[in-house]
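S.K.: Below is the file work08.pdb, which contains PDB, C-alpha atoms, pLDDT in the B column.
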ATOM      1  CA  MET S   1      -4.146   8.224  20.890  1.00 52.00           C
ATOM      2  CA  GLU S   2      -7.922   8.055  21.285  1.00 52.00           C
ATOM      3  CA  ALA S   3      -8.437   9.954  18.014  1.00 53.00           C
ATOM      4  CA  GLY S   4      -6.135   7.515  16.244  1.00 50.00           C
ATOM      5  CA  LYS S   5      -8.076   4.512  17.493  1.00 55.00           C
ATOM      6  CA  ARG S   6     -11.224   6.099  16.063  1.00 60.00           C
ATOM      7  CA  LYS S   7      -9.562   6.383  12.612  1.00 59.00           C
ATOM      8  CA  ARG S   8      -9.125  10.156  12.945  1.00 69.00           C
ATOM      9  CA  ARG S   9      -5.924  12.052  12.177  1.00 72.00           C
ATOM     10  CA  PRO S  10      -5.345  14.420  15.137  1.00 75.00           C
ATOM     11  CA  THR S  11      -4.533  18.035  14.247  1.00 81.00           C
ATOM     12  CA  VAL S  12      -3.607  20.626  16.882  1.00 84.00           C
ATOM     13  CA  LEU S  13      -4.637  24.268  16.343  1.00 87.00           C
ATOM     14  CA  VAL S  14      -2.428  26.839  18.102  1.00 85.00           C
ATOM     15  CA  LEU S  15      -2.084  30.633  18.165  1.00 84.00           C
ATOM     16  CA  GLU S  16       0.960  32.898  18.350  1.00 80.00           C
ATOM     17  CA  ASP S  17       1.310  36.652  17.865  1.00 78.00           C
ATOM     18  CA  VAL S  18       3.740  37.461  15.054  1.00 74.00           C
ATOM     19  CA  ASN S  19       4.956  40.616  13.354  1.00 72.00           C
ATOM     20  CA  PRO S  20       3.198  40.800   9.962  1.00 71.00           C
ATOM     21  CA  ASN S  21       6.017  42.929   8.527  1.00 72.00           C
ATOM     22  CA  GLY S  22       8.890  40.674   9.516  1.00 66.00           C
ATOM     23  CA  GLN S  23      10.058  37.101   9.129  1.00 69.00           C
ATOM     24  CA  GLN S  24       9.680  35.596  12.558  1.00 67.00           C
ATOM     25  CA  LYS S  25      10.475  31.981  13.260  1.00 72.00           C
ATOM     26  CA  ILE S  26       7.699  30.258  15.182  1.00 70.00           C
ATOM     27  CA  GLN S  27       8.941  28.766  18.437  1.00 71.00           C
ATOM     28  CA  ASP S  28       7.603  25.575  19.974  1.00 72.00           C
ATOM     29  CA  ASN S  29       7.086  27.218  23.369  1.00 76.00           C
ATOM     30  CA  GLY S  30       4.675  30.015  24.154  1.00 76.00           C
ATOM     31  CA  LEU S  31       1.960  28.827  21.788  1.00 83.00           C
ATOM     32  CA  ILE S  32      -1.688  29.142  22.817  1.00 83.00           C
ATOM     33  CA  LEU S  33      -3.703  25.957  22.365  1.00 85.00           C
ATOM     34  CA  LEU S  34      -6.981  26.605  20.567  1.00 86.00           C
ATOM     35  CA  GLY S  35      -8.189  23.074  20.146  1.00 86.00           C
ATOM     36  CA  LEU S  36      -7.659  19.571  18.862  1.00 82.00           C
ATOM     37  CA  VAL S  37      -9.375  18.436  15.666  1.00 82.00           C
ATOM     38  CA  GLY S  38      -9.748  14.848  14.500  1.00 78.00           C
ATOM     39  CA  LEU S  39      -9.906  14.557  10.698  1.00 77.00           C
ATOM     40  CA  LYS S  40     -11.584  11.409   9.467  1.00 74.00           C
ATOM     41  CA  ASP S  41     -10.735   9.986   6.052  1.00 70.00           C
ATOM     42  CA  PRO S  42     -13.077   6.993   5.744  1.00 75.00           C
ATOM     43  CA  CYS S  43     -12.326   4.101   3.424  1.00 78.00           C
ATOM     44  CA  ARG S  44     -14.497   3.685   0.370  1.00 79.00           C
ATOM     45  CA  PRO S  45     -17.193   1.032   0.862  1.00 80.00           C
ATOM     46  CA  SER S  46     -15.712  -1.039  -1.965  1.00 84.00           C
ATOM     47  CA  VAL S  47     -12.235  -1.288  -0.423  1.00 86.00           C
ATOM     48  CA  LYS S  48     -13.135  -3.960   2.128  1.00 87.00           C
ATOM     49  CA  THR S  49     -14.603  -6.222  -0.571  1.00 88.00           C
ATOM     50  CA  ALA S  50     -11.628  -5.559  -2.854  1.00 88.00           C
ATOM     51  CA  VAL S  51      -9.145  -6.520  -0.136  1.00 90.00           C
ATOM     52  CA  GLU S  52     -11.082  -9.704   0.588  1.00 89.00           C
ATOM     53  CA  ASP S  53     -11.162 -10.521  -3.151  1.00 87.00           C
ATOM     54  CA  CYS S  54      -7.393 -10.071  -3.367  1.00 88.00           C
ATOM     55  CA  GLN S  55      -6.811 -12.243  -0.313  1.00 88.00           C
ATOM     56  CA  TYR S  56      -9.139 -14.923  -1.698  1.00 87.00           C
ATOM     57  CA  ALA S  57      -7.115 -14.861  -4.924  1.00 85.00           C
ATOM     58  CA  GLY S  58      -3.904 -15.451  -2.976  1.00 88.00           C
ATOM     59  CA  VAL S  59      -2.670 -11.847  -3.031  1.00 90.00           C
ATOM     60  CA  ASN S  60      -1.311 -10.631   0.300  1.00 93.00           C
ATOM     61  CA  VAL S  61      -2.273  -6.973   0.859  1.00 94.00           C
ATOM     62  CA  LYS S  62       0.047  -4.833   2.995  1.00 95.00           C
ATOM     63  CA  MET S  63      -0.380  -1.187   3.966  1.00 94.00           C
ATOM     64  CA  THR S  64       2.456   1.309   4.430  1.00 94.00           C
ATOM     65  CA  THR S  65       1.437   4.739   5.655  1.00 91.00           C
ATOM     66  CA  GLY S  66       2.748   7.848   7.338  1.00 88.00           C
ATOM     67  CA  ASP S  67      -0.108   7.777   9.861  1.00 87.00           C
ATOM     68  CA  ASN S  68       0.552   6.896  13.481  1.00 87.00           C
ATOM     69  CA  VAL S  69       0.257   3.294  14.546  1.00 89.00           C
ATOM     70  CA  PHE S  70      -3.192   3.688  16.152  1.00 86.00           C
ATOM     71  CA  THR S  71      -4.785   5.307  13.094  1.00 85.00           C
ATOM     72  CA  ALA S  72      -3.077   2.836  10.748  1.00 89.00           C
ATOM     73  CA  THR S  73      -4.260  -0.146  12.803  1.00 89.00           C
ATOM     74  CA  ALA S  74      -7.847   1.128  12.954  1.00 86.00           C
ATOM     75  CA  ILE S  75      -7.985   1.712   9.181  1.00 88.00           C
ATOM     76  CA  ALA S  76      -6.406  -1.677   8.461  1.00 90.00           C
ATOM     77  CA  ASN S  77      -9.001  -3.369  10.675  1.00 89.00           C
ATOM     78  CA  GLU S  78     -11.801  -1.558   8.841  1.00 87.00           C
ATOM     79  CA  CYS S  79     -10.426  -2.666   5.457  1.00 88.00           C
ATOM     80  CA  ARG S  80      -9.814  -6.232   6.683  1.00 88.00           C
ATOM     81  CA  ILE S  81      -6.095  -5.945   5.946  1.00 91.00           C
ATOM     82  CA  LEU S  82      -5.724  -6.832   9.614  1.00 88.00           C
ATOM     83  CA  LYS S  83      -7.711  -9.424  11.485  1.00 78.00           C
ATOM     84  CA  LEU S  84      -9.190  -8.225  14.757  1.00 67.00           C
ATOM     85  CA  ASN S  85      -6.742 -10.304  16.809  1.00 62.00           C
ATOM     86  CA  GLU S  86      -3.635  -9.078  14.967  1.00 61.00           C
ATOM     87  CA  GLU S  87      -1.694  -6.324  16.710  1.00 61.00           C
ATOM     88  CA  MET S  88       1.862  -5.079  17.203  1.00 59.00           C
ATOM     89  CA  ASP S  89       2.587  -7.838  19.713  1.00 65.00           C
ATOM     90  CA  ASP S  90       2.510 -10.578  17.074  1.00 78.00           C
ATOM     91  CA  GLY S  91       4.487  -8.621  14.479  1.00 85.00           C
ATOM     92  CA  SER S  92       1.584  -7.816  12.148  1.00 91.00           C
ATOM     93  CA  VAL S  93       1.907  -4.082  12.830  1.00 93.00           C
ATOM     94  CA  VAL S  94       5.268  -2.331  12.927  1.00 94.00           C
ATOM     95  CA  GLU S  95       6.522   1.239  12.801  1.00 94.00           C
ATOM     96  CA  GLY S  96       8.834   2.283  10.002  1.00 94.00           C
ATOM     97  CA  VAL S  97      11.701   3.215  12.306  1.00 94.00           C
ATOM     98  CA  THR S  98      11.538  -0.216  13.940  1.00 94.00           C
ATOM     99  CA  PHE S  99      11.659  -2.034  10.602  1.00 95.00           C
ATOM    100  CA  ARG S 100      14.442   0.276   9.431  1.00 94.00           C
ATOM    101  CA  ASN S 101      16.579  -0.562  12.457  1.00 94.00           C
ATOM    102  CA  TYR S 102      16.254  -4.324  11.994  1.00 94.00           C
ATOM    103  CA  THR S 103      19.229  -6.147  10.570  1.00 93.00           C
ATOM    104  CA  GLU S 104      18.803  -7.467   7.039  1.00 92.00           C
ATOM    105  CA  LYS S 105      18.349 -10.969   8.428  1.00 93.00           C
ATOM    106  CA  GLU S 106      15.626  -9.787  10.824  1.00 94.00           C
ATOM    107  CA  ARG S 107      13.816  -7.962   8.013  1.00 95.00           C
ATOM    108  CA  MET S 108      13.796 -11.098   5.889  1.00 95.00           C
ATOM    109  CA  GLU S 109      12.431 -13.147   8.799  1.00 94.00           C
ATOM    110  CA  LYS S 110       9.664 -10.688   9.725  1.00 94.00           C
ATOM    111  CA  VAL S 111       8.554  -9.182   6.395  1.00 95.00           C
ATOM    112  CA  ASP S 112       6.015 -11.897   5.503  1.00 94.00           C
ATOM    113  CA  LYS S 113       4.231 -11.438   8.834  1.00 93.00           C
ATOM    114  CA  ILE S 114       3.951  -7.651   8.545  1.00 94.00           C
ATOM    115  CA  CYS S 115       0.547  -6.395   7.377  1.00 94.00           C
ATOM    116  CA  VAL S 116       0.779  -2.729   8.383  1.00 94.00           C
ATOM    117  CA  MET S 117       3.756  -0.375   8.562  1.00 95.00           C
ATOM    118  CA  ALA S 118       2.964   2.932  10.286  1.00 94.00           C
ATOM    119  CA  ARG S 119       5.056   6.113  10.339  1.00 93.00           C
ATOM    120  CA  SER S 120       6.888   4.821   7.287  1.00 93.00           C
ATOM    121  CA  SER S 121       9.362   6.872   5.275  1.00 93.00           C
ATOM    122  CA  PRO S 122      10.181   6.415   1.561  1.00 92.00           C
ATOM    123  CA  LEU S 123      13.249   4.409   2.621  1.00 94.00           C
ATOM    124  CA  ASP S 124      11.129   2.061   4.746  1.00 95.00           C
ATOM    125  CA  LYS S 125       8.850   1.400   1.772  1.00 94.00           C
ATOM    126  CA  ILE S 126      11.849   0.550  -0.407  1.00 95.00           C
ATOM    127  CA  PHE S 127      13.180  -1.828   2.260  1.00 95.00           C
ATOM    128  CA  ILE S 128       9.926  -3.788   2.492  1.00 96.00           C
ATOM    129  CA  VAL S 129       9.638  -4.041  -1.319  1.00 96.00           C
ATOM    130  CA  GLN S 130      13.237  -5.234  -1.614  1.00 96.00           C
ATOM    131  CA  CYS S 131      12.772  -7.841   1.123  1.00 96.00           C
ATOM    132  CA  LEU S 132       9.623  -9.231  -0.491  1.00 96.00           C
ATOM    133  CA  LYS S 133      11.345  -9.450  -3.886  1.00 96.00           C
ATOM    134  CA  LYS S 134      14.350 -11.231  -2.361  1.00 96.00           C
ATOM    135  CA  LYS S 135      11.959 -13.815  -0.918  1.00 95.00           C
ATOM    136  CA  GLY S 136      10.676 -14.546  -4.406  1.00 95.00           C
ATOM    137  CA  HIS S 137       7.392 -12.619  -4.266  1.00 96.00           C
ATOM    138  CA  VAL S 138       6.047 -10.617  -7.186  1.00 94.00           C
ATOM    139  CA  VAL S 139       5.441  -7.178  -5.687  1.00 95.00           C
ATOM    140  CA  ALA S 140       2.933  -4.589  -6.905  1.00 92.00           C
ATOM    141  CA  VAL S 141       2.869  -1.163  -5.251  1.00 92.00           C
ATOM    142  CA  THR S 142       0.217   1.523  -5.561  1.00 88.00           C
ATOM    143  CA  GLY S 143       0.477   5.109  -4.352  1.00 82.00           C
ATOM    144  CA  ASP S 144      -0.201   8.731  -5.229  1.00 76.00           C
ATOM    145  CA  GLY S 145       2.418  10.847  -3.447  1.00 74.00           C
ATOM    146  CA  THR S 146       6.061  11.755  -3.869  1.00 78.00           C
ATOM    147  CA  ASN S 147       6.856   9.604  -0.822  1.00 81.00           C
ATOM    148  CA  ASP S 148       5.629   6.571  -2.768  1.00 85.00           C
ATOM    149  CA  ALA S 149       7.716   7.217  -5.889  1.00 84.00           C
ATOM    150  CA  PRO S 150      10.863   5.253  -4.884  1.00 88.00           C
ATOM    151  CA  ALA S 151       8.847   2.173  -3.868  1.00 90.00           C
ATOM    152  CA  LEU S 152       6.714   2.393  -7.020  1.00 89.00           C
ATOM    153  CA  LYS S 153       9.836   2.258  -9.181  1.00 89.00           C
ATOM    154  CA  GLU S 154      11.426  -0.503  -7.079  1.00 93.00           C
ATOM    155  CA  ALA S 155       8.392  -2.805  -7.346  1.00 93.00           C
ATOM    156  CA  ASP S 156       7.852  -5.393 -10.063  1.00 93.00           C
ATOM    157  CA  ILE S 157       4.608  -3.599 -10.932  1.00 90.00           C
ATOM    158  CA  GLY S 158       4.145   0.102 -10.185  1.00 88.00           C
ATOM    159  CA  ILE S 159       0.549   1.338 -10.133  1.00 86.00           C
ATOM    160  CA  SER S 160      -0.007   5.095 -10.136  1.00 80.00           C
ATOM    161  CA  MET S 161      -3.230   6.903  -9.334  1.00 77.00           C
ATOM    162  CA  GLY S 162      -4.686   8.646 -12.377  1.00 67.00           C
ATOM    163  CA  ILE S 163      -6.469  11.522 -10.636  1.00 63.00           C
ATOM    164  CA  GLN S 164      -4.317  12.372  -7.625  1.00 63.00           C
ATOM    165  CA  GLY S 165      -1.138  10.691  -8.805  1.00 56.00           C
ATOM    166  CA  MET S 166       2.073  12.413  -9.867  1.00 60.00           C
ATOM    167  CA  GLU S 167       2.449  13.204 -13.570  1.00 62.00           C
ATOM    168  CA  VAL S 168       6.024  11.916 -13.586  1.00 56.00           C
ATOM    169  CA  ALA S 169       4.912   8.638 -12.028  1.00 56.00           C
ATOM    170  CA  LYS S 170       2.158   8.163 -14.603  1.00 61.00           C
ATOM    171  CA  GLU S 171       4.696   8.300 -17.424  1.00 62.00           C
ATOM    172  CA  SER S 172       7.205   5.883 -15.913  1.00 61.00           C
ATOM    173  CA  LEU S 173       5.061   3.231 -14.200  1.00 75.00           C
ATOM    174  CA  ASP S 174       3.361   0.111 -15.523  1.00 77.00           C
ATOM    175  CA  ILE S 175      -0.319   0.766 -14.751  1.00 81.00           C
ATOM    176  CA  VAL S 176      -2.338   3.954 -14.204  1.00 80.00           C
ATOM    177  CA  ASN S 177      -5.465   3.543 -12.071  1.00 80.00           C
ATOM    178  CA  LEU S 178      -7.746   6.068 -13.764  1.00 79.00           C
ATOM    179  CA  ASP S 179     -10.434   6.244 -11.059  1.00 80.00           C
ATOM    180  CA  ASP S 180      -8.101   6.119  -7.998  1.00 77.00           C
ATOM    181  CA  ASN S 181     -10.159   3.223  -6.660  1.00 81.00           C
ATOM    182  CA  PHE S 182      -8.439   0.246  -5.033  1.00 83.00           C
ATOM    183  CA  ALA S 183     -11.378  -1.939  -6.042  1.00 82.00           C
ATOM    184  CA  SER S 184     -10.351  -1.443  -9.675  1.00 84.00           C
ATOM    185  CA  LEU S 185      -7.117  -3.306  -8.937  1.00 83.00           C
ATOM    186  CA  ALA S 186      -9.064  -6.388  -7.881  1.00 83.00           C
ATOM    187  CA  THR S 187     -10.985  -6.179 -11.168  1.00 84.00           C
ATOM    188  CA  VAL S 188      -7.722  -5.897 -13.114  1.00 83.00           C
ATOM    189  CA  LEU S 189      -6.423  -8.955 -11.279  1.00 84.00           C
ATOM    190  CA  ARG S 190      -9.475 -11.001 -12.287  1.00 84.00           C
ATOM    191  CA  TRP S 191      -9.210  -9.896 -15.918  1.00 86.00           C
ATOM    192  CA  GLU S 192      -5.479 -10.586 -16.036  1.00 84.00           C
ATOM    193  CA  ARG S 193      -5.911 -14.113 -14.722  1.00 86.00           C
ATOM    194  CA  CYS S 194      -8.790 -14.726 -17.125  1.00 91.00           C
ATOM    195  CA  VAL S 195      -6.637 -13.606 -20.075  1.00 92.00           C
ATOM    196  CA  TYR S 196      -3.716 -15.716 -18.845  1.00 90.00           C
ATOM    197  CA  ASN S 197      -5.928 -18.804 -18.521  1.00 92.00           C
ATOM    198  CA  ASN S 198      -7.390 -18.235 -21.986  1.00 94.00           C
ATOM    199  CA  ILE S 199      -3.903 -17.977 -23.487  1.00 94.00           C
ATOM    200  CA  GLN S 200      -2.937 -21.244 -21.806  1.00 93.00           C
ATOM    201  CA  LYS S 201      -6.063 -22.958 -23.129  1.00 93.00           C
ATOM    202  CA  PHE S 202      -5.479 -21.605 -26.648  1.00 93.00           C
ATOM    203  CA  ILE S 203      -1.863 -22.806 -26.726  1.00 93.00           C
ATOM    204  CA  GLN S 204      -2.887 -26.198 -25.347  1.00 91.00           C
ATOM    205  CA  PHE S 205      -5.621 -26.480 -27.994  1.00 89.00           C
ATOM    206  CA  GLN S 206      -3.271 -25.513 -30.829  1.00 89.00           C
ATOM    207  CA  LEU S 207      -0.589 -27.971 -29.707  1.00 89.00           C
ATOM    208  CA  THR S 208      -3.147 -30.774 -29.419  1.00 88.00           C
ATOM    209  CA  VAL S 209      -4.587 -30.092 -32.893  1.00 84.00           C
ATOM    210  CA  ASN S 210      -1.163 -29.795 -34.518  1.00 83.00           C
ATOM    211  CA  VAL S 211       0.177 -32.977 -32.900  1.00 81.00           C
ATOM    212  CA  ALA S 212      -2.963 -34.893 -33.911  1.00 75.00           C
ATOM    213  CA  HIS S 213      -2.682 -33.559 -37.462  1.00 72.00           C
ATOM    214  CA  LEU S 214       1.006 -34.499 -37.621  1.00 74.00           C
ATOM    215  CA  GLN S 215       0.290 -38.043 -36.442  1.00 70.00           C
ATOM    216  CA  SER S 216      -2.495 -38.485 -39.010  1.00 68.00           C
ATOM    217  CA  THR S 217      -0.183 -37.253 -41.763  1.00 67.00           C
ATOM    218  CA  LEU S 218       2.541 -39.712 -40.794  1.00 60.00           C
TER     219      LEU S 218
END
Could I get this structure in the form of structure tokens?
M.R.:
Amino acid sequence: MEAGKRKRRPTVLVLEDVNPNGQQKIQDNGLILLGLVGLKDPCRPSVKTAVEDCQYAGVNVKMTTGDNVFTATAIANECRILKLNEEMDDGSVVEGVTFRNYTEKERMEKVDKICVMARSSPLDKIFIVQCLKKKGHVVAVTGDGTNDAPALKEADIGISMGIQGMEVAKESLDIVNLDDNFASLATVLRWERCVYNNIQKFIQFQLTVNVAHLQSTL
């Protein structure tokens, strides 16, 4: 628990004598504890700014992960996906099994509030994408593992990682993030909105010119 709160993934190292010439099934009992290691996977410095840029642009960022709830909460706080006062008690953080066991009505009521889903399975990720789509949201999902594949395909926009992502996912999804950097998604969002606004302005300009020309002709 303490390792999780410090954004470290706890890994237990154990020892058992086995027969090198046979196929022996390792039992849970009788193992010798060698130590406990906390593996830290820090967020890139640009992620916090990227999350804040997305939130400022009206994009709600949610995190689904297989990590335990303490590690997930600590990472989400570091990235500013979670505010410091948001915890499990107010529904911002939920475990996958809890969300999975909700009724469909309960999922629809709680999904907007959820910011972090810990210990989530591929099915849990599909559920949260489906709920958000049913509520009228446009959902984009990014991921790099086989566990993310179902949710990537279910989303309105599937974004695969270009370096660590699956080859199958790269061929079937909408966007490939070539540098595996979440900050690039915020840049894409800015460019996309700039292009969209320019298209609107161009169409408005063309309609205005054509209507004015038509009136002068008549």
S.K.: In Å, with one decimal, what is the gap from CA of Val61 in chain S to CA of Ile81 in chain S?
M.R.: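 CA of Ile81 in chain S lies at a distance of 6.4 Å from CA of Val61 in chain S.
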S.K.: If I take CA of Ser120 in chain S and CA of Val139 in chain S, how far is one from the other in Å, to one decimal?
M.R.: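 Atom-to-atom, CA of Ser120 in chain S to CA of Val139 in chain S, that is 17.7 Å.
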S.K.: In Å to one decimal, how far is CA of Asn147 in chain S from CA of Leu82 in chain S?
M.R.: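 Computed distance, CA of Leu82 in chain S to CA of Asn147 in chain S, equals 23.2 Å.
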S.K.: Please enclose the listed atoms of range 154-163 of chain S in an axis-aligned box, pad each side by 3 Å, and write out the centre and the three edge lengths in Å, rounded to one decimal, as JSON.
M.R.:
{"center_x": 2.5, "center_y": 3.1, "center_z": -9.7, "size_x": 23.9, "size_y": 22.9, "size_z": 11.3}
S.K.: Could you spell out the hits of the PyMOL selection byres ((chain S and resi 159) around 9) on the shown file, as a list in words?
M.R.: Ala140, Val141, Thr142, Gly143, Asp144, Leu152, Ile157, Gly158, Ser160, Met161, Ala169, Lys170, Leu173, Asp174, Ile175, Val176 and Asn177 of chain S
S.K.: On this structure, which residues satisfy the PyMOL selection byres ((chain S and resi 112) around 10), written as a PyMOL selection string?
M.R.: chain S and resi 60+62+91-92+107-111+113-115+128+131-132+135+137
S.K.: Looking at only C-alpha atoms, which of S:Leu214, S:Met63, S:Leu189, S:Ala74 is the one that sits closest to Ala50 in chain S?
M.R.: S:Leu189
S.K.: Some atoms are absent from range 16-32 of chain S, so rebuild N, CA and C atoms and return them as a PDB file, keeping the file's coordinate frame.
M.R.:
ATOM      1  N   GLU S  16      -0.201  32.136  17.895  1.00 80.00           N
ATOM      2  CA  GLU S  16       0.960  32.898  18.350  1.00 80.00           C
ATOM      3  C   GLU S  16       0.938  34.262  17.671  1.00 80.00           C
ATOM      4  N   ASP S  17       1.233  35.302  18.428  1.00 78.00           N
ATOM      5  CA  ASP S  17       1.310  36.652  17.865  1.00 78.00           C
ATOM      6  C   ASP S  17       2.625  36.818  17.119  1.00 78.00           C
ATOM      7  N   VAL S  18       2.539  37.258  15.864  1.00 74.00           N
ATOM      8  CA  VAL S  18       3.740  37.461  15.054  1.00 74.00           C
ATOM      9  C   VAL S  18       3.686  38.846  14.423  1.00 74.00           C
ATOM     10  N   ASN S  19       4.847  39.325  14.026  1.00 72.00           N
ATOM     11  CA  ASN S  19       4.956  40.616  13.354  1.00 72.00           C
ATOM     12  C   ASN S  19       4.644  40.429  11.871  1.00 72.00           C
ATOM     13  N   PRO S  20       3.567  41.023  11.368  1.00 71.00           N
ATOM     14  CA  PRO S  20       3.198  40.800   9.962  1.00 71.00           C
ATOM     15  C   PRO S  20       4.211  41.368   8.971  1.00 71.00           C
ATOM     16  N   ASN S  21       5.052  42.290   9.430  1.00 72.00           N
ATOM     17  CA  ASN S  21       6.017  42.929   8.527  1.00 72.00           C
ATOM     18  C   ASN S  21       7.386  42.264   8.546  1.00 72.00           C
ATOM     19  N   GLY S  22       7.587  41.316   9.409  1.00 66.00           N
ATOM     20  CA  GLY S  22       8.890  40.674   9.516  1.00 66.00           C
ATOM     21  C   GLY S  22       8.799  39.178   9.303  1.00 66.00           C
ATOM     22  N   GLN S  23       9.970  38.554   9.261  1.00 69.00           N
ATOM     23  CA  GLN S  23      10.058  37.101   9.129  1.00 69.00           C
ATOM     24  C   GLN S  23      10.454  36.524  10.482  1.00 69.00           C
ATOM     25  N   GLN S  24       9.465  36.102  11.207  1.00 67.00           N
ATOM     26  CA  GLN S  24       9.680  35.596  12.558  1.00 67.00           C
ATOM     27  C   GLN S  24       9.543  34.084  12.580  1.00 67.00           C
ATOM     28  N   LYS S  25      10.522  33.435  13.153  1.00 72.00           N
ATOM     29  CA  LYS S  25      10.475  31.981  13.260  1.00 72.00           C
ATOM     30  C   LYS S  25       9.567  31.587  14.421  1.00 72.00           C
ATOM     31  N   ILE S  26       8.637  30.699  14.151  1.00 70.00           N
ATOM     32  CA  ILE S  26       7.699  30.258  15.182  1.00 70.00           C
ATOM     33  C   ILE S  26       8.404  29.297  16.130  1.00 70.00           C
ATOM     34  N   GLN S  27       8.324  29.599  17.412  1.00 71.00           N
ATOM     35  CA  GLN S  27       8.941  28.766  18.437  1.00 71.00           C
ATOM     36  C   GLN S  27       7.937  27.734  18.952  1.00 71.00           C
ATOM     37  N   ASP S  28       8.481  26.623  19.453  1.00 72.00           N
ATOM     38  CA  ASP S  28       7.603  25.575  19.974  1.00 72.00           C
ATOM     39  C   ASP S  28       6.965  25.970  21.300  1.00 72.00           C
ATOM     40  N   ASN S  29       7.634  26.829  22.066  1.00 76.00           N
ATOM     41  CA  ASN S  29       7.086  27.218  23.369  1.00 76.00           C
ATOM     42  C   ASN S  29       6.334  28.544  23.240  1.00 76.00           C
ATOM     43  N   GLY S  30       5.436  28.773  24.148  1.00 76.00           N
ATOM     44  CA  GLY S  30       4.675  30.015  24.154  1.00 76.00           C
ATOM     45  C   GLY S  30       3.464  30.020  23.245  1.00 76.00           C
ATOM     46  N   LEU S  31       3.131  28.901  22.658  1.00 83.00           N
ATOM     47  CA  LEU S  31       1.960  28.827  21.788  1.00 83.00           C
ATOM     48  C   LEU S  31       0.688  28.669  22.618  1.00 83.00           C
ATOM     49  N   ILE S  32      -0.398  29.234  22.125  1.00 83.00           N
ATOM     50  CA  ILE S  32      -1.688  29.142  22.817  1.00 83.00           C
ATOM     51  C   ILE S  32      -2.523  28.056  22.142  1.00 83.00           C
TER      52      ILE S  32
END
